[in-house]
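Printed here is input.txt (compact mmCIF, C-alpha atoms and all ligand atoms):
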```txt
# COMPACT_ATOMS: atom_id res chain seq x y z
CA MET B 166 -9.94 16.65 -15.10
CA GLU B 167 -6.90 17.08 -12.83
CA ALA B 168 -6.47 15.22 -9.55
CA LYS B 169 -7.29 17.60 -6.67
CA SER B 170 -4.56 19.87 -5.35
CA LYS B 171 -6.53 21.09 -2.31
CA SER B 172 -7.85 18.17 -0.33
CA THR B 173 -11.45 17.47 0.47
CA VAL B 174 -10.64 13.79 0.83
CA ASN B 175 -11.51 12.25 4.18
CA THR B 176 -8.36 11.71 6.28
CA GLU B 177 -10.08 10.19 9.30
CA GLN B 178 -8.69 6.79 8.58
CA THR B 179 -7.49 4.82 11.58
CA ILE B 180 -5.73 1.51 11.46
CA ASP B 181 -6.49 -0.47 14.59
CA HIS B 182 -5.71 -4.14 14.99
CA SER B 183 -6.34 -4.26 18.73
CA SER B 184 -9.34 -6.57 18.33
CA GLN B 185 -7.25 -9.19 16.51
CA SER B 186 -4.43 -11.45 17.56
CA LEU B 187 -1.32 -11.65 15.40
CA TRP B 188 -2.46 -15.11 14.30
CA GLU B 189 -5.90 -13.81 13.22
CA GLN B 190 -4.32 -11.00 11.22
CA ILE B 191 -1.90 -13.32 9.45
CA LYS B 192 -4.61 -15.90 8.79
CA GLU B 193 -6.79 -13.43 6.91
CA ASP B 194 -3.72 -12.12 5.04
CA TRP B 195 -3.00 -15.72 4.01
CA ILE B 196 -6.60 -16.20 2.80
CA VAL B 197 -6.48 -13.08 0.59
CA HIS B 198 -3.13 -14.23 -0.83
CA GLN B 199 -4.88 -17.35 -2.20
CA LYS B 200 -3.80 -19.41 0.81
CA ASP B 201 -0.30 -19.58 -0.64
CA TRP B 202 2.26 -19.07 2.12
CA THR B 203 5.10 -19.07 -0.43
CA LYS B 204 3.92 -15.82 -2.04
CA PRO B 205 6.43 -13.02 -1.40
CA GLY B 206 3.55 -10.56 -0.88
CA PHE B 207 2.04 -12.70 1.87
CA ARG B 208 5.42 -13.13 3.53
CA ALA B 209 6.11 -9.38 3.40
CA VAL B 210 2.77 -8.60 5.06
CA ALA B 211 3.22 -11.34 7.68
CA VAL B 212 6.68 -10.03 8.61
CA GLN B 213 5.28 -6.50 8.86
CA ARG B 214 2.51 -7.72 11.20
CA PHE B 215 5.10 -9.50 13.32
CA GLY B 216 7.20 -6.31 13.43
CA VAL B 217 4.23 -4.32 14.75
CA TRP B 218 3.22 -7.06 17.21
CA ARG B 219 6.64 -7.35 18.83
CA MET B 220 6.67 -3.61 19.66
CA LYS B 221 3.96 -4.29 22.29
CA ILE B 222 6.24 -6.65 24.22
CA GLU B 223 7.43 -5.14 27.50
CA PRO B 224 10.02 -4.80 28.96
CA LYS B 225 12.35 -3.93 26.11
CA LEU B 226 14.79 -6.64 27.13
CA LEU B 227 12.16 -9.32 26.53
CA ARG B 228 11.41 -7.74 23.15
CA ALA B 229 15.05 -7.84 22.04
CA PRO B 230 15.15 -11.41 20.65
CA PHE B 231 11.91 -10.80 18.70
CA SER B 232 13.41 -7.58 17.31
CA ILE B 233 16.48 -9.49 16.15
CA ILE B 234 14.25 -12.02 14.36
CA TYR B 235 12.12 -9.21 12.89
CA ARG B 236 15.15 -7.31 11.55
CA PHE B 237 16.50 -10.46 9.94
CA LEU B 238 13.13 -11.25 8.27
CA TYR B 239 12.59 -7.61 7.20
CA ARG B 240 15.99 -7.55 5.48
CA TYR B 241 15.32 -10.94 3.89
CA VAL B 242 12.01 -9.72 2.40
CA ARG B 243 13.59 -6.45 1.23
CA ASN B 244 16.76 -7.96 -0.23
CA ILE B 245 15.41 -11.18 -1.71
CA TYR B 246 11.86 -10.22 -2.74
CA GLY B 247 12.43 -6.52 -3.33
CA ILE B 248 9.57 -5.52 -1.04
CA ASP B 249 10.43 -2.76 1.44
CA LEU B 250 7.54 -2.67 3.92
CA PRO B 251 8.71 -1.40 7.31
CA TYR B 252 6.74 -2.08 10.49
CA THR B 253 6.07 1.66 10.92
CA VAL B 254 3.67 1.62 7.96
CA GLN B 255 0.04 1.73 9.14
CA LEU B 256 -1.19 -1.30 7.27
CA GLY B 257 -4.89 -2.08 7.19
CA ARG B 258 -6.47 -5.53 7.20
CA ARG B 259 -6.29 -7.94 4.27
CA VAL B 260 -3.92 -5.79 2.21
CA ILE B 261 -2.76 -7.75 -0.85
CA ILE B 262 0.72 -7.40 -2.27
CA GLU B 263 0.38 -8.99 -5.67
CA HIS B 264 3.71 -10.13 -7.02
CA GLN B 265 7.04 -8.75 -5.87
CA SER B 266 10.05 -6.62 -6.79
CA CYS B 267 10.64 -2.91 -6.61
CA ILE B 268 7.89 -2.27 -4.06
CA ILE B 269 8.94 0.58 -1.80
CA ILE B 270 6.59 1.75 0.95
CA HIS B 271 7.59 4.80 3.00
CA GLY B 272 7.54 4.12 6.72
CA ASN B 273 4.98 6.90 7.34
CA SER B 274 2.50 5.63 4.78
CA VAL B 275 -1.04 4.58 5.64
CA ILE B 276 -2.66 1.79 3.61
CA GLY B 277 -6.32 1.08 4.32
CA ASP B 278 -8.14 -2.25 4.51
CA ASP B 279 -8.40 -4.39 1.37
CA CYS B 280 -6.02 -2.31 -0.78
CA ILE B 281 -4.08 -4.03 -3.58
CA ILE B 282 -0.44 -3.08 -4.18
CA ARG B 283 1.38 -4.46 -7.22
CA GLN B 284 4.93 -4.87 -8.47
CA GLY B 285 6.93 -1.71 -9.04
CA VAL B 286 4.83 0.46 -6.73
CA THR B 287 6.40 3.26 -4.73
CA LEU B 288 4.64 5.16 -1.93
CA GLY B 289 7.22 7.76 -1.06
CA ASN B 290 8.15 11.36 -0.35
CA ARG B 291 8.13 13.81 -3.24
CA TYR B 292 10.84 16.25 -2.18
CA ILE B 293 14.23 15.44 -0.73
CA ASN B 294 13.81 18.23 1.84
CA ALA B 295 10.47 16.80 3.05
CA PRO B 296 11.64 13.26 3.81
CA LEU B 297 8.78 12.43 6.20
CA ASP B 298 5.96 13.15 3.76
CA ALA B 299 4.13 10.00 2.71
CA PRO B 300 0.83 9.04 1.08
CA LYS B 301 -2.37 7.89 2.81
CA LEU B 302 -4.53 5.38 1.03
CA GLY B 303 -8.15 4.78 1.99
CA LYS B 304 -9.86 1.43 1.84
CA ARG B 305 -10.05 -0.84 -1.22
CA VAL B 306 -7.63 1.26 -3.27
CA ASN B 307 -6.50 -0.63 -6.37
CA VAL B 308 -2.93 0.40 -7.19
CA GLY B 309 -1.75 -0.69 -10.65
CA ALA B 310 1.65 -2.08 -11.46
CA GLY B 311 4.45 0.49 -11.54
CA VAL B 312 2.46 3.29 -9.86
CA LYS B 313 4.34 6.01 -7.95
CA ILE B 314 2.39 7.96 -5.33
CA LEU B 315 4.56 10.78 -4.10
CA GLY B 316 4.26 13.18 -1.18
CA LYS B 317 1.63 13.79 1.45
CA VAL B 318 -1.27 12.94 -0.83
CA ILE B 319 -4.55 11.39 0.22
CA ILE B 320 -6.20 8.73 -1.87
CA GLY B 321 -9.88 8.17 -1.14
CA ASP B 322 -11.64 4.82 -0.70
CA GLU B 323 -12.19 2.65 -3.79
CA VAL B 324 -9.88 4.64 -6.03
CA ASN B 325 -8.37 2.85 -9.05
CA ILE B 326 -4.92 3.97 -10.15
CA GLY B 327 -3.90 2.82 -13.63
CA ALA B 328 -0.64 1.01 -14.25
CA ASN B 329 2.44 3.27 -14.35
CA ALA B 330 0.64 6.41 -13.17
CA VAL B 331 2.50 9.02 -11.15
CA VAL B 332 0.17 10.46 -8.53
CA LEU B 333 1.08 13.88 -7.15
CA SER B 334 -2.30 15.11 -5.88
CA ASP B 335 -5.21 13.86 -3.82
CA ILE B 336 -7.79 11.65 -5.50
CA GLU B 337 -11.42 11.64 -4.39
CA LYS B 338 -13.29 8.49 -3.39
CA GLY B 339 -14.25 6.14 -6.21
CA GLN B 340 -12.29 7.88 -8.98
CA THR B 341 -9.99 6.30 -11.55
CA ALA B 342 -6.72 8.08 -12.35
CA VAL B 343 -4.15 7.29 -15.04
CA GLY B 344 -1.04 8.84 -16.57
CA ILE B 345 1.86 11.09 -15.64
CA PRO B 346 0.93 13.18 -13.76
CA ALA B 347 -2.18 11.17 -12.91
CA LYS B 348 -5.44 12.62 -14.15
CA ILE B 349 -8.98 11.52 -13.43
CA ILE B 350 -10.70 9.65 -16.23
CA LYS B 351 -14.29 8.63 -16.70
CA SER B 352 -14.22 4.96 -15.85
CA LYS B 353 -15.80 2.59 -18.34
CA SER B 354 -15.69 -0.37 -15.95
CA THR B 355 -15.52 -1.09 -12.26
CA VAL B 356 -12.31 -2.84 -11.34
CA ASN B 357 -12.56 -3.50 -7.62
C1 LIG L 401 -7.01 2.15 -15.27
C2 LIG L 401 -7.56 0.75 -15.23
C3 LIG L 401 -7.84 0.38 -13.79
C4 LIG L 401 -8.83 0.60 -16.06
O1 LIG L 401 -9.81 1.46 -15.63
P1 LIG L 401 -11.13 1.66 -16.54
O2 LIG L 401 -11.97 2.66 -15.88
O3 LIG L 401 -11.73 0.33 -16.82
O4 LIG L 401 -10.51 2.30 -17.84
P2 LIG L 401 -10.69 1.88 -19.36
O5 LIG L 401 -9.99 0.60 -19.60
O6 LIG L 401 -12.13 1.98 -19.73
O7 LIG L 401 -9.88 3.04 -20.07
C5 LIG L 401 -10.28 4.41 -19.99
C6 LIG L 401 -9.22 5.23 -20.72
O8 LIG L 401 -8.01 5.24 -19.93
C7 LIG L 401 -6.92 4.71 -20.69
N1 LIG L 401 -6.09 3.91 -19.77
C8 LIG L 401 -6.44 2.79 -19.11
N2 LIG L 401 -5.44 2.38 -18.34
C9 LIG L 401 -4.43 3.27 -18.51
C10 LIG L 401 -3.13 3.38 -17.97
N3 LIG L 401 -2.69 2.50 -17.07
N4 LIG L 401 -2.36 4.41 -18.35
C11 LIG L 401 -2.82 5.32 -19.25
N5 LIG L 401 -4.05 5.27 -19.81
C12 LIG L 401 -4.84 4.25 -19.44
C13 LIG L 401 -7.57 3.86 -21.79
O9 LIG L 401 -6.73 3.76 -22.91
C14 LIG L 401 -8.82 4.66 -22.08
O10 LIG L 401 -8.47 5.75 -22.88
P3 LIG L 401 -9.48 6.28 -24.05
O11 LIG L 401 -10.73 6.72 -23.32
O12 LIG L 401 -8.71 7.40 -24.66
O13 LIG L 401 -9.71 5.11 -24.92
C15 LIG L 401 -6.62 -0.28 -15.89
O14 LIG L 401 -6.40 0.07 -17.26
C16 LIG L 401 -5.27 -0.42 -15.21
O15 LIG L 401 -4.32 0.29 -15.50
N6 LIG L 401 -5.24 -1.39 -14.23
C17 LIG L 401 -4.04 -1.74 -13.53
C18 LIG L 401 -3.96 -3.25 -13.49
C19 LIG L 401 -2.55 -3.76 -13.33
O16 LIG L 401 -1.67 -3.10 -12.86
N7 LIG L 401 -2.36 -5.00 -13.75
C20 LIG L 401 -1.10 -5.66 -13.61
C21 LIG L 401 -1.37 -7.05 -13.08
S1 LIG L 401 0.12 -7.88 -12.78
```
In structure tokens, write the structure found in this file.
Amino acid sequence: MEAKSKSTVNTEQTIDHSSQSLWEQIKEDWIVHQKDWTKPGFRAVAVQRFGVWRMKIEPKLLRAPFSIIYRFLYRYVRNIYGIDLPYTVQLGRRVIIEHQSCIIIHGNSVIGDDCIIRQGVTLGNRYINAPLDAPKLGKRVNVGAGVKILGKVIIGDEVNIGANAVVLSDIEKGQTAVGIPAKIIKSKSTVN
């Protein structure tokens, strides 16, 4: 069975952290990263949260020193850990970045609560002439190592994507997809 080309996947996903302080967000990120503050994945998420948080500081002049710190940390995470996670990504709560290296997340991507992203994952645009297109992931999406999700595709809640798959089409809630291009398989086990 092919992944869907015409979407019936729910897109009504909103990422809203207004009920949480920066500290509360980072604390729960730390807990889901096994309380290990040295993990590159935890650090990447914490820097991203800080990047979002500092954008609320007004006036802009007061924000400037925080922006300088953010840009330094963002570049450190990208260049040293190989995790490119800009603050413009809509990042849900408790997202886990397991391991590091070659993780590229398009700035327009949406990643729902409790998703897992692994090493070698790209969420990016598919065509060079559609540079702003980016994937939307629902909640609790389990993204295997080396997965590429390309273009304006929508991945439903609780989807499992097998290691090294290339996803070019929407995937309905709860499905498991593997291969290049990714196709839906009948799951023999529940992974999440
Ligand atoms: C897809 C996955 C989630 C397993 O899902 P599942 O529903 O339990 O699938 P199964 O293991 O029962 O396999 C079902 C079929 O898909 C195939 N398959 C499983 N994973 C696959 C993958 N990544 N690529 C291609 N085919 C795959 C199996 O060989 C099997 O094929 P068969 O029916 O012809 O024998 C898992 O294999 C996977 O890829 N997880 C990613 C985990 C990861 O990235 N780990 C790295 C940690 S650092």
Give the residues close to ligand LIG 401 (chain L), within 8 Å, counting all atoms listed in the file; write them as an mmCIF file with C-alpha atoms, in the frame of the given file.
```cif
data_model
loop_
_atom_site.group_PDB
_atom_site.id
_atom_site.type_symbol
_atom_site.label_atom_id
_atom_site.label_comp_id
_atom_site.auth_asym_id
_atom_site.auth_seq_id
_atom_site.Cartn_x
_atom_site.Cartn_y
_atom_site.Cartn_z
ATOM 1 C CA GLU B 263 0.380 -8.990 -5.670
ATOM 2 C CA HIS B 264 3.710 -10.130 -7.020
ATOM 3 C CA ARG B 283 1.380 -4.460 -7.220
ATOM 4 C CA GLN B 284 4.930 -4.870 -8.470
ATOM 5 C CA ASN B 307 -6.500 -0.630 -6.370
ATOM 6 C CA VAL B 308 -2.930 0.400 -7.190
ATOM 7 C CA GLY B 309 -1.750 -0.690 -10.650
ATOM 8 C CA ALA B 310 1.650 -2.080 -11.460
ATOM 9 C CA GLY B 311 4.450 0.490 -11.540
ATOM 10 C CA ASN B 325 -8.370 2.850 -9.050
ATOM 11 C CA ILE B 326 -4.920 3.970 -10.150
ATOM 12 C CA GLY B 327 -3.900 2.820 -13.630
ATOM 13 C CA ALA B 328 -0.640 1.010 -14.250
ATOM 14 C CA ASN B 329 2.440 3.270 -14.350
ATOM 15 C CA ALA B 330 0.640 6.410 -13.170
ATOM 16 C CA THR B 341 -9.990 6.300 -11.550
ATOM 17 C CA ALA B 342 -6.720 8.080 -12.350
ATOM 18 C CA VAL B 343 -4.150 7.290 -15.040
ATOM 19 C CA GLY B 344 -1.040 8.840 -16.570
ATOM 20 C CA ILE B 350 -10.700 9.650 -16.230
ATOM 21 C CA LYS B 351 -14.290 8.630 -16.700
ATOM 22 C CA SER B 352 -14.220 4.960 -15.850
ATOM 23 C CA LYS B 353 -15.800 2.590 -18.340
ATOM 24 C CA SER B 354 -15.690 -0.370 -15.950
ATOM 25 C CA THR B 355 -15.520 -1.090 -12.260
ATOM 26 C CA VAL B 356 -12.310 -2.840 -11.340
#
```
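When CA of Arg240 (chain B) is paired with CA of Asp194 (chain B), their separation reads 20.2 Å.
If you measure from each of B:Val331, B:Tyr252, B:Gly206, B:Asp322 to Thr287 (chain B) using all atoms listed in the file, the closest one turns out to be B:Val331.
Distance-wise, CA of Lys317 (chain B) and CA of Gln185 (chain B) end up 28.9 Å apart.
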> What does the distance from CA of Val210 (chain B) to CA of Ile293 (chain B) come to in Å, to one decimal?
Replying inline: 27.3 Å
> Excluding same-chain residues fewer than 4 positions from Gln340 (chain B), what lies within 7 Å of it counting only C-alpha atoms, as an MDAnalysis selection string?
Replying inline: chainID B and resid 324:325 336 349
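The smallest atom-to-atom distance between Trp218 (chain B) and any of B:Ser274, B:Ser183, B:Asn244, B:Thr203, using only C-alpha atoms, is found for B:Ser183.
Minimum atom-to-atom distance to Ile281 (chain B), evaluated using all atoms listed in the file, belongs to B:Ile262 out of B:Ile314, B:Leu297, B:Ile191, B:Ile262.
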>> Calculated over all atoms listed in the file, which of the candidates B:Ser184, B:Asn294, B:Ser334, B:Asn273 has the smallest distance to Pro251 (chain B)?
In response: B:Asn273
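By chain and then residue number, the residues within 10 Å of Lys338 (chain B) are Thr173, Val174, Asn175, Gly303, Lys304, Val306, Ile319, Ile320, Gly321, Asp322, Glu323, Val324, Asn325, Asp335 and Thr341 of chain B, counting all atoms listed in the file and disregarding those fewer than 3 positions away in sequence.
Between Phe207 (chain B) and the candidates B:Arg243, B:Lys192, B:Lys225, B:Arg219, the tightest atom-to-atom separation, counting all atoms listed in the file, involves B:Lys192.
Distances here use all atoms listed in the file; by that measure, the residue among B:Val318, B:Ala295, B:Ile261, B:Gly216 closest to Gln199 (chain B) is B:Ile261.
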>> I'd like the neighbourhood of Arg214 (chain B) as a PyMOL selection string, where a residue qualifies if any of its atoms comes within 12 Å (using only C-alpha atoms), though same-chain residues fewer than 3 positions away should be ignored.
In response: chain B and resi 182+185-194+207-211+217-221+235+238-239+250-260
Since we have the selection now, will you write its residues out, keeping C-alpha atoms, as a short mmCIF file (atom, residue, chain, number, x, y, z; two decimals), in the frame of the given file?
```cif
data_model
loop_
_atom_site.label_atom_id
_atom_site.label_comp_id
_atom_site.auth_asym_id
_atom_site.auth_seq_id
_atom_site.Cartn_x
_atom_site.Cartn_y
_atom_site.Cartn_z
CA HIS B 182 -5.71 -4.14 14.99
CA GLN B 185 -7.25 -9.19 16.51
CA SER B 186 -4.43 -11.45 17.56
CA LEU B 187 -1.32 -11.65 15.40
CA TRP B 188 -2.46 -15.11 14.30
CA GLU B 189 -5.90 -13.81 13.22
CA GLN B 190 -4.32 -11.00 11.22
CA ILE B 191 -1.90 -13.32 9.45
CA LYS B 192 -4.61 -15.90 8.79
CA GLU B 193 -6.79 -13.43 6.91
CA ASP B 194 -3.72 -12.12 5.04
CA PHE B 207 2.04 -12.70 1.87
CA ARG B 208 5.42 -13.13 3.53
CA ALA B 209 6.11 -9.38 3.40
CA VAL B 210 2.77 -8.60 5.06
CA ALA B 211 3.22 -11.34 7.68
CA VAL B 217 4.23 -4.32 14.75
CA TRP B 218 3.22 -7.06 17.21
CA ARG B 219 6.64 -7.35 18.83
CA MET B 220 6.67 -3.61 19.66
CA LYS B 221 3.96 -4.29 22.29
CA TYR B 235 12.12 -9.21 12.89
CA LEU B 238 13.13 -11.25 8.27
CA TYR B 239 12.59 -7.61 7.20
CA LEU B 250 7.54 -2.67 3.92
CA PRO B 251 8.71 -1.40 7.31
CA TYR B 252 6.74 -2.08 10.49
CA THR B 253 6.07 1.66 10.92
CA VAL B 254 3.67 1.62 7.96
CA GLN B 255 0.04 1.73 9.14
CA LEU B 256 -1.19 -1.30 7.27
CA GLY B 257 -4.89 -2.08 7.19
CA ARG B 258 -6.47 -5.53 7.20
CA ARG B 259 -6.29 -7.94 4.27
CA VAL B 260 -3.92 -5.79 2.21
#
```
